[in-house]
Structures are given as structure tokens and as C-alpha cells.
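Following: one structure in C-alpha cells, then a few remarks.
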Amino acid sequence: MLMSGGIDSPVALDLLLRQGHEMVAVHMDNRPFTDDSPLEKVVDHLALLRERYHQSIPLYLIPHGSTQVTLMRNTDRHVGCVLCRRFMWRSAERIAEREHATFLATGEALGQVASQTLSNMRNATASVHLPIVRPLIGFDKQEIEAVAKSIGTYGISTRPGVCCQAVPDKPATRTQLVQILREEEKVSVEEILDECIRKAVVL
Amino acid sequence: MYRKLRLCSNSGAYEAIPDPPRPLDLVRVRHALEQEGIAVVDARVMLIVGLDPEVTISRNGRLLFKTRDPATAERAFDRLQKFLAAFSGGDSGQ
């Protein structure tokens with residue numbers, strides 16, 4: 001389960017835990033493009049959900065800041081969010097393989113932010129093979145917030161924090177896979193990924 | 001000329017925005033900072049500067065101070081002034 005520290009991902013995780021799934025959390029550490037607050041929020045979300053569902057829920061912390069620097073220096077900024085998501089998905093899939101997980105999950109809901117249009121989601125997830133579960137895909141923001149408040153994660157998610165500074169001023173909302181692959185060829189995907197997974201820590 | 005520092009939209013940091021707009025030559029800003037022994041991450045369209053607090057300098061001149069303490073942000077802002085004043089007016093073609 002990809003956990004961002006935002007409102008959506010703990011709600012999605014709660015729904016999956018409620019169904020009885022055994023979950024593993026992954027947080028992509030975006031520092032220095034954020035501050036410490038996203039990680040602190042994820043840690044607090046998980047503390048709450050671990051207690052509620054009596055599950056250990058390991059948290060993998062994967063460095064992502066250096067990947068962002070590489071992408072920003074070498075690729076078209078407009079498609080940066082999709083390229084970033086592809087690295088997130090790949091990282092999550094590597095962890096899933098290590099943990100023998102059978103699916104990947106996120107708190108994505110259609111149309112909420114630039115990376116969450118249908119074409120961007122499809123092009124981001126074309127980088128991985130495992131099935132992807134999105135429990136919130138048809139929820140609107142009010143519905144997600146209502147669940148977040150009812151399970152106690154809303155107050156954690158809305159604490160002050162620095163937004164991702166790597167988001168471009170005008171992110172592309174409609175991308176084509178051929179365009180994404182062309183941009184991705186400008187960086188060494190496997191090398192970057194190997195390095196990030198090697199530096200990952202479990203909290 | 002910068003507007004007064006203000007909390008950013010998520011209330012997690014203070015930001016300073018130039019008025020009128022003031023594009024910066026980030027390559028020259030980076031070199032000047034590094035000559036003073038200040039660590040800089042160069043992400044091409046922005047610099048992340050290892051002051052206390054950490055500061056993001058965008059090409060359009062926007063500054064983001066990663067602290068919720070206005071006095072700490074003001075101190076870092078004052079420290080950056082000499083670097084920014086010399087290098088406004090666009091990039092050097094990086």
C-alpha cells in the first residue's frame with residue numbers, strides 16, 4: 001500500500017484492513033522536496049491502524065528525492081508527475097516481491113490531482129505487472145473526508161506540512177505512453193531503482 | 001523587492017514572492033552559495049539550499065522556507081538577500 005501522509009491513503013488502507021487483508025506499507029520519501037511532515041503523518045496513521053486492526057503493518061521508507069532530482073534535470077517537466085509515479089509503482093512492486101504480496105494498492109481517486117486522470121494513471125501503472133487495487137477510485141473528496149474523520153486519520157492528515165515542491169507549474173493531465181517512454185529513456189531506470197531499494201529501510 | 005513573508009497554503013512553511021516578478025539565474029546563485037560553503041541541491045528548475053531552515057529557490061524567484069517559525073524564516077531570508085540581489089534577470093542557459 002503506497003502511503004503518502006495525505007487524507008486518502010489511510011482511508012484506502014483502512015478499507016482493505018477491514019476486509020481482512022494483511023498489508024505492507026510503502027512511503028516514498030520525497031525530502032528535500034518536502035519536509036519531515038509526510039513521514040511523520042504516515043507513522044502516526046499506521047500507529048492508529050495497527051492498534052485498531054492488531055496488525056504489525058511493516059513500513060518501508062524508500063528514498064525518492066534523488067530520483068526527483070534526476071527526473072527534473074533530465075526530462076520534460078510537464079510529464080514529471082507521471083514519471084515520478086512510475087518510479088513509485090516500480091518501487092512498490094519490488095517491495096511486494098520481497099514480501100510475497102499479491103497486489104499493489106493506493107488511495108487514488110479519479111480526477112483529484114494532475115496525476116490522477118485516467119490516461120495518467122494508465123501510463124503510470126504500465127510500469128508494473130501486479131494487479132492494482134484502488135478502493136477509493138469512485139469516491140469524491142467529501143466521502144473520503146467523512147471516512148477519514150470517522151476513523152480518526154483526518155486530523156493527522158491535515159496537520160501543517162510542505163507540499164511536494166517537485167510538482168510542475170503546469171502538469172500534463174493527458175499523456176501518451178509513447179511520450180512517457182521517450183522521456184524515461186533519458187534516465188537509467190534500473191540503476192535508480194536498484195539504488196533506492198538498496199537504501200530502503202523498514203520502520 | 002519581495003512581499004512580506006507569509007505562510008504557504010498548507011501552513012507548513014513560509015514563502016517569499018518577488019513583486020514585481022523577478023526570474024533568477026539559478027546557476028550563478030548556486031555557484032555563489034557554494035563558494036560560501038553552503039550545500040545546494042540543483043534540480044535545474046529550483047535549488048534546495050542547506051540553510052537552517054532548508055530553503056527552496058525557484059527560477060521565478062519564489063523562496064520557500066521550511067519552518068513554521070517566522071523569525072527563523074526571516075533570518076534565512078536576510079542571509080539569502082545578497083545572493084539573490086546579484087543574480088536576478090533570468091538563467092544563464094543551463
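The chains in the C-alpha cells are called A, B, ... from first to last as shown; in each chain the residues are counted from 1, and the ligands are counted from 1 in the order shown.
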Contacts of chain B with chain A up to 9 Å, shortest pair per row, only C-alpha atoms, as a Markdown table:
```
| residue | atom | partner | partner_atom | distance |
| --- | --- | --- | --- | --- |
| B:Cys8 | CA | A:Val162 | CA | 8.1 |
| B:Ser9 | CA | A:Cys163 | CA | 8.6 |
| B:Asn10 | CA | A:Pro160 | CA | 5.6 |
| B:Ser11 | CA | A:Pro160 | CA | 5.0 |
| B:Gly12 | CA | A:Gly161 | CA | 3.8 |
| B:Ala13 | CA | A:Val162 | CA | 6.1 |
| B:Val41 | CA | A:Val69 | CA | 8.2 |
| B:Asp42 | CA | A:Val69 | CA | 7.5 |
| B:Ala43 | CA | A:Val69 | CA | 5.0 |
| B:Arg44 | CA | A:Arg73 | CA | 5.4 |
| B:Val45 | CA | A:Met72 | CA | 7.3 |
| B:Met46 | CA | A:Ala166 | CA | 8.9 |
| B:Ile48 | CA | A:Pro32 | CA | 7.2 |
| B:Glu54 | CA | A:Pro32 | CA | 8.3 |
| B:Thr56 | CA | A:Phe33 | CA | 8.2 |
| B:Lys66 | CA | A:Asp35 | CA | 6.7 |
| B:Thr67 | CA | A:Asp35 | CA | 8.8 |
| B:Arg68 | CA | A:Pro160 | CA | 8.7 |
```
Dump as a short mmCIF file (atom, residue, chain, number, x, y, z; two decimals), in the first residue's frame, selection limited to C-alpha atoms:
```cif
data_model
loop_
_atom_site.label_atom_id
_atom_site.label_comp_id
_atom_site.auth_asym_id
_atom_site.auth_seq_id
_atom_site.Cartn_x
_atom_site.Cartn_y
_atom_site.Cartn_z
CA CYS B 8 2.21 28.83 2.37
CA SER B 9 -1.13 27.21 1.52
CA ASN B 10 -0.55 24.12 3.70
CA SER B 11 0.76 26.23 6.59
CA GLY B 12 3.90 24.12 6.69
CA ALA B 13 6.40 26.75 5.55
CA VAL B 41 20.91 20.55 -4.43
CA ASP B 42 20.47 21.69 -8.04
CA ALA B 43 17.27 20.36 -9.58
CA ARG B 44 17.63 22.65 -12.62
CA VAL B 45 14.32 24.49 -12.14
CA MET B 46 14.94 25.02 -8.46
CA ILE B 48 17.35 23.42 -2.45
CA GLU B 54 16.20 24.46 4.33
CA THR B 56 13.80 26.13 -1.93
CA LYS B 66 10.75 25.04 5.54
CA THR B 67 9.90 26.24 9.00
CA ARG B 68 6.78 27.33 10.81
#
```
* Counting only C-alpha atoms, figure out which residue out of B:Leu26, B:Leu84, B:Ala76, B:Leu5 gets nearest to B:Val40. =>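 Counting only C-alpha atoms, the residue closest to B:Val40 is B:Leu26.
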* To do: Quick one: everything within 10 Å of A:Ala124, counting only C-alpha atoms, minus sequence neighbours fewer than 5 positions away in the same chain. Send it as a ChimeraX atom specification.
  => /A:81-90,115-116,118-119,175,177,180
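The smallest atom-to-atom distance between B:Pro53 and any of B:Ala85, B:Leu33, B:Leu80, B:Val27, using only C-alpha atoms, is found for B:Leu80.
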* To do: Looking only at strand (DSSP E or B) from DSSP on the backbone, list the matching residues of stretch 3-192 of chain A as a PyMOL selection string.
  => chain A and resi 25-29+59-63+104-105+132-133+161
* Restricting the calculation to only C-alpha atoms, which member of A:Val79, A:Met1, A:Val202, A:Val11 is positioned closest to A:Gln179? ->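 Going through A:Val79, A:Met1, A:Val202, A:Val11 one by one, the smallest distance to A:Gln179 is for A:Val79.
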* To do: Excluding B:Ile38 and residues on its chain fewer than 3 positions from it, collect all residues at most 8 Å away from it, counting only C-alpha atoms, and give them as a PyMOL selection string.
  => chain B and resi 33-35+49-51
* Polymer residues at most 6 Å from B:Phe65, only C-alpha atoms, same-chain spacing of 6 or more positions, as a PyMOL selection string -> chain B and resi 13-14+55+73
* Asked: Near A:Val201, within 8 Å and counting only C-alpha atoms, which residues show up once chain neighbours fewer than 4 positions away are dropped, as a VMD selection string?
  -> chain A and resid 60 to 62
* **Test item: residues at most 8 Å from B:Asp19, only C-alpha atoms, excluding those fewer than 2 positions along its chain, as a ChimeraX atom specification** => /B:1-3,17,21-22
Residues as selected, C-alpha atoms, written as an mmCIF file, in the first residue's frame, can you do that?
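Final file, selection-v9.cif:
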```cif
data_model
loop_
_atom_site.group_PDB
_atom_site.id
_atom_site.type_symbol
_atom_site.label_atom_id
_atom_site.label_comp_id
_atom_site.auth_asym_id
_atom_site.auth_seq_id
_atom_site.Cartn_x
_atom_site.Cartn_y
_atom_site.Cartn_z
ATOM 1 C CA MET B 1 11.627 43.598 -3.971
ATOM 2 C CA TYR B 2 9.890 40.802 -2.082
ATOM 3 C CA ARG B 3 6.476 40.837 -0.491
ATOM 4 C CA ILE B 17 7.335 36.049 -3.583
ATOM 5 C CA PRO B 21 8.256 39.059 -10.808
ATOM 6 C CA ARG B 22 11.999 38.518 -10.703
#
```
* Quick one: of A:Asp29, A:Glu145, A:Asp44, A:Glu183, who's nearest to A:Asp76, counting only C-alpha atoms? ->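 So, comparing all the options, the nearest one is A:Glu183.
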* Please run DSSP on the backbone and report, as a ChimeraX atom specification, all residues within chain B that come out as helix (DSSP H, G or I). => /B:26-35,70-86
Those same residues, written as a short mmCIF file (atom, residue, chain, number, x, y, z; two decimals), in the first residue's frame with N, CA and C atoms?
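The resulting out.cif:
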```cif
data_model
loop_
_atom_site.label_atom_id
_atom_site.label_comp_id
_atom_site.auth_asym_id
_atom_site.auth_seq_id
_atom_site.Cartn_x
_atom_site.Cartn_y
_atom_site.Cartn_z
N LEU B 26 19.71 30.73 -11.71
CA LEU B 26 19.97 29.75 -10.65
C LEU B 26 21.39 29.19 -10.70
N VAL B 27 21.97 29.13 -11.88
CA VAL B 27 23.34 28.62 -11.97
C VAL B 27 24.28 29.53 -11.19
N ARG B 28 24.12 30.82 -11.40
CA ARG B 28 25.00 31.77 -10.71
C ARG B 28 24.69 31.84 -9.22
N VAL B 29 23.43 31.74 -8.87
CA VAL B 29 23.07 31.73 -7.45
C VAL B 29 23.71 30.50 -6.78
N ARG B 30 23.61 29.36 -7.46
CA ARG B 30 24.19 28.13 -6.89
C ARG B 30 25.70 28.29 -6.68
N HIS B 31 26.39 28.79 -7.69
CA HIS B 31 27.84 28.95 -7.56
C HIS B 31 28.19 29.89 -6.40
N ALA B 32 27.45 30.96 -6.28
CA ALA B 32 27.73 31.92 -5.21
C ALA B 32 27.51 31.29 -3.83
N LEU B 33 26.44 30.51 -3.73
CA LEU B 33 26.16 29.85 -2.45
C LEU B 33 27.25 28.83 -2.13
N GLU B 34 27.63 28.05 -3.13
CA GLU B 34 28.65 27.02 -2.90
C GLU B 34 30.00 27.63 -2.53
N GLN B 35 30.29 28.78 -3.10
CA GLN B 35 31.56 29.45 -2.75
C GLN B 35 31.58 29.86 -1.28
N PRO B 70 8.28 32.20 12.06
CA PRO B 70 8.53 33.36 11.19
C PRO B 70 9.90 34.00 11.41
N ALA B 71 10.37 34.02 12.66
CA ALA B 71 11.67 34.65 12.93
C ALA B 71 12.80 33.86 12.26
N THR B 72 12.71 32.54 12.31
CA THR B 72 13.73 31.69 11.67
C THR B 72 13.71 31.91 10.15
N ALA B 73 12.51 32.00 9.60
CA ALA B 73 12.38 32.24 8.15
C ALA B 73 12.97 33.60 7.79
N GLU B 74 12.70 34.61 8.59
CA GLU B 74 13.22 35.97 8.33
C GLU B 74 14.74 35.98 8.33
N ARG B 75 15.33 35.25 9.28
CA ARG B 75 16.80 35.21 9.37
C ARG B 75 17.40 34.60 8.10
N ALA B 76 16.79 33.49 7.65
CA ALA B 76 17.30 32.84 6.43
C ALA B 76 17.08 33.75 5.22
N PHE B 77 15.96 34.45 5.20
CA PHE B 77 15.66 35.38 4.11
C PHE B 77 16.73 36.48 4.04
N ASP B 78 17.06 37.04 5.20
CA ASP B 78 18.09 38.09 5.25
C ASP B 78 19.43 37.56 4.74
N ARG B 79 19.73 36.33 5.13
CA ARG B 79 21.03 35.74 4.73
C ARG B 79 21.10 35.54 3.21
N LEU B 80 19.95 35.25 2.59
CA LEU B 80 19.95 34.98 1.15
C LEU B 80 19.96 36.24 0.30
N GLN B 81 19.61 37.37 0.89
CA GLN B 81 19.43 38.59 0.11
C GLN B 81 20.61 38.93 -0.80
N LYS B 82 21.82 38.82 -0.27
CA LYS B 82 22.98 39.24 -1.07
C LYS B 82 23.19 38.35 -2.29
N PHE B 83 22.80 37.07 -2.16
CA PHE B 83 22.95 36.17 -3.31
C PHE B 83 21.91 36.46 -4.38
N LEU B 84 20.71 36.77 -3.93
CA LEU B 84 19.62 36.95 -4.88
C LEU B 84 19.72 38.30 -5.59
N ALA B 85 20.15 39.31 -4.86
CA ALA B 85 20.20 40.66 -5.44
C ALA B 85 21.13 40.69 -6.65
N ALA B 86 22.20 39.92 -6.59
CA ALA B 86 23.19 39.98 -7.66
C ALA B 86 22.78 39.21 -8.92
#
```
* To do: Using atom CA of B:Leu7 and atom CA of A:Lys141 as the two end points, give the distance in Å to one decimal.
  => 24.4 Å
